[in-house]
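Written below as structure tokens is the structure these notes are about.
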Amino acid sequence: MIPETSAIRQTPAWQQELACAISDPAELLAALHLDPAWLPAAQGAAQLFPLRVPRGFVARMRRGDPRDPLLRQVLPLAEEHLAAPGFSTDPVGDLAAMASPGVLHKYQGRVLLTATGACAVHCRYCFRRHFPYTESSAGTDHWQAALDYLAQEPSLREVILSGGDPLTLSERRLAEFIRAAAGIAHLERLRIHTRLPVVLPERITPELVRTLSSTRLSTVVVIHANHANEIDDAVIDALAPMRAAGVTLLNQSVLLRDVNDSAGALVALSETLFAAGVLPYYLHLLDRVQGAAHFEVPEDEARALMQQLTSRLPGYLVPRLVREIAGAPAKQVVA
Ligand SMILES: *Cc1c(COP(=O)(O)O)cnc(C)c1O
Ligand code: SF4
């Protein structure tokens with residue numbers, strides 16, 4: 001029998017960190033010295049979509065400030081119960097686009113795999129908050145159905161691992177996929193959409209960096225940060241070895257009411273990302289998912305913000321403002 005202590009030692013630090021993420025609203029409020037009056041609403045909305053936030057991310061929030069821009073992304077609120085016209089459970093038509101379980105082929109030349117349903121953090125505005133991942137994850141059968149799809153579709157150049165968060169998968173499961181994908185001759189690029197470098201930087205282990213940089217595929221990692229306060233020294237230190245290993249680093253954000261809906265917040269985000277070796281890619285208008293209407297910033301206001309960004313930043317630090325429209329051949333640039 002293996003003594004318990006050695007079993008604990010074998011669990012990577014990031015998996016332990018992931019396992020001890022905060023999921024109890026009372027604990028989150030207490031950690032931030034917030035008024036317990038927020039608790040009933042938080043507990044109620046956590047029934048709709050559970051609270052989940054890693055402790056390291058909570059540590060970047062301001063204590064005693066219910067309007068903290070990081071807290072607002074994760075704290076369940078009573079507003080999530082409100083139905084709003086135009087907001088639905090599958091706003092981007094993912095279920096219709098599913099070519100095989102976990103395989104979303106909407107755009108030419110690239111295919112997106114929902115590799116797993118698990119995330120390290122539950123973002124309240126997430127368009128996949130109602131998504132039936134258990135039936136539709138590409139990683140569950142050791143990738144076989146997804147790999148078959150990739151192999152028989154010669155128009156594909158790029159495979160995107162998304163989710164959920166693909167970096168919640170074990171090293172072994174990821175490496176298994178990358179090795180098999182690299183064996184498909186028409187594929188040239190591997191892209192990973194992940195929030196882990198931001199919310200759980202411990203995940204970027206030397207082993208992961210080796211896995212990402214030792215494949216013949218060109219690797220792009222698209223992180224997801226919405227506010228400059230998310231990028232602390234631990235995040236910067238996690239990104240540096242990936243960049244040094246030749247991984248292209250991009251960021252996508254969602255434009256969110258009371259999180260980053262000011263030119264100042266967006267300028268600071270772009271500048272902070274660049275200093276960390278990351279270029280801004282997309283700024284998404286909110287997908288109209290049920291329970292997230294209170295996060296919406298109207299399109300006119302978004303356009304006005306973009307004009308300010310364009311006048312204050314070099315072009316390469318201005319993200320493209322986009323909206324996803326179900327059935328469209330690409331993300332639609334809002335100009
Ligand atoms: C967003 C998305 C992509 C990626 O689009 P890019 O414009 O290449 O970033 C690919 N497939 C699906 C299904 C998507 O939703
Ligand atoms: S990490 Fe991404 S997929 Fe997961 S809840 Fe947040 S936005 Fe959604």
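Numbering starts fresh at 1 for the residues of each chain in the structure tokens, the chains themselves are lettered A, B, ... in the order given, and ligands are numbered from 1 as they appear.
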Excluding same-chain residues fewer than 2 positions from A:Ala228, what lies within 8 Å of it counting only C-alpha atoms, as a compact mmCIF listing (two decimals) with N, CA, C and O atoms, in the first residue's frame?
# COMPACT_ATOMS: atom_id res chain seq x y z
N ALA A 225 -8.18 37.70 -19.77
CA ALA A 225 -8.18 38.62 -18.65
C ALA A 225 -9.05 39.80 -19.04
O ALA A 225 -9.04 40.23 -20.20
N ASN A 226 -9.79 40.32 -18.10
CA ASN A 226 -10.71 41.43 -18.39
C ASN A 226 -10.27 42.74 -17.75
O ASN A 226 -10.79 43.79 -18.08
N GLU A 230 -5.96 41.71 -12.78
CA GLU A 230 -5.83 40.24 -12.84
C GLU A 230 -4.39 39.80 -13.09
O GLU A 230 -4.03 38.66 -12.83
N ILE A 231 -3.60 40.72 -13.67
CA ILE A 231 -2.23 40.36 -14.06
C ILE A 231 -1.27 40.77 -12.94
O ILE A 231 -0.85 41.91 -12.88
N ALA A 265 -9.82 51.73 -17.92
CA ALA A 265 -9.63 50.32 -17.56
C ALA A 265 -9.11 49.54 -18.76
O ALA A 265 -8.23 48.68 -18.61
N ALA A 268 -5.42 50.47 -19.52
CA ALA A 268 -4.53 49.83 -18.53
C ALA A 268 -4.42 48.33 -18.80
O ALA A 268 -3.33 47.76 -18.66
N LEU A 269 -5.50 47.71 -19.21
CA LEU A 269 -5.45 46.27 -19.50
C LEU A 269 -4.50 46.00 -20.67
O LEU A 269 -3.62 45.13 -20.57
N SER A 270 -4.64 46.73 -21.76
CA SER A 270 -3.77 46.51 -22.92
C SER A 270 -2.30 46.74 -22.56
O SER A 270 -1.43 45.97 -22.96
N THR A 272 -0.86 46.59 -19.61
CA THR A 272 -0.39 45.57 -18.67
C THR A 272 -0.14 44.25 -19.39
O THR A 272 0.84 43.55 -19.12
N LEU A 273 -1.04 43.92 -20.32
CA LEU A 273 -0.86 42.69 -21.09
C LEU A 273 0.44 42.76 -21.89
O LEU A 273 1.23 41.82 -21.91
Find the residues around stretch 197-201 of chain A up to 6 Å (only C-alpha atoms counted), leave out those fewer than 6 positions away in its own chain, and share them as a count of residues only. 3
With only C-alpha atoms and all ligand atoms counted, collect every polymer residue having an atom within 9 Å of ligand 1; state the result as a ChimeraX atom specification. /A:92,94,97-98,103-113,158-160,281-282,324,330-332
Residue contacts of A:Arg179 (12 Å, only C-alpha atoms) excluding same-chain residues fewer than 5 positions away, as a list in words: Trp143, Leu147, Arg172, Arg173, Leu174, Ile184, Ala185, Leu187, Leu190, Thr211, Leu212, Ser213, Ser214, Thr215, Arg216 and Leu217 of chain A
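Close contacts of stretch 163-167 of chain A, defined as residues with an atom at most 7 Å away when counting only C-alpha atoms, with chain neighbours fewer than 2 positions off set aside, comprise Thr114, Ala115, Thr116, Gly117, Ala118, Cys119, Leu161, Leu169, Thr194, Arg195 and Leu196 of chain A.
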Best match for closeness to A:Leu239 among A:Val209, A:Ala59, A:Val53, A:Ala145, counting only C-alpha atoms: A:Val209
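For A:Asp300, the non-local neighbours within 12 Å, defined as residues at least 6 positions apart in the same chain or in other chains and counting only C-alpha atoms, are A:Leu285, A:Met306, A:Gln307, A:Leu321, A:Val334, A:Ala335.
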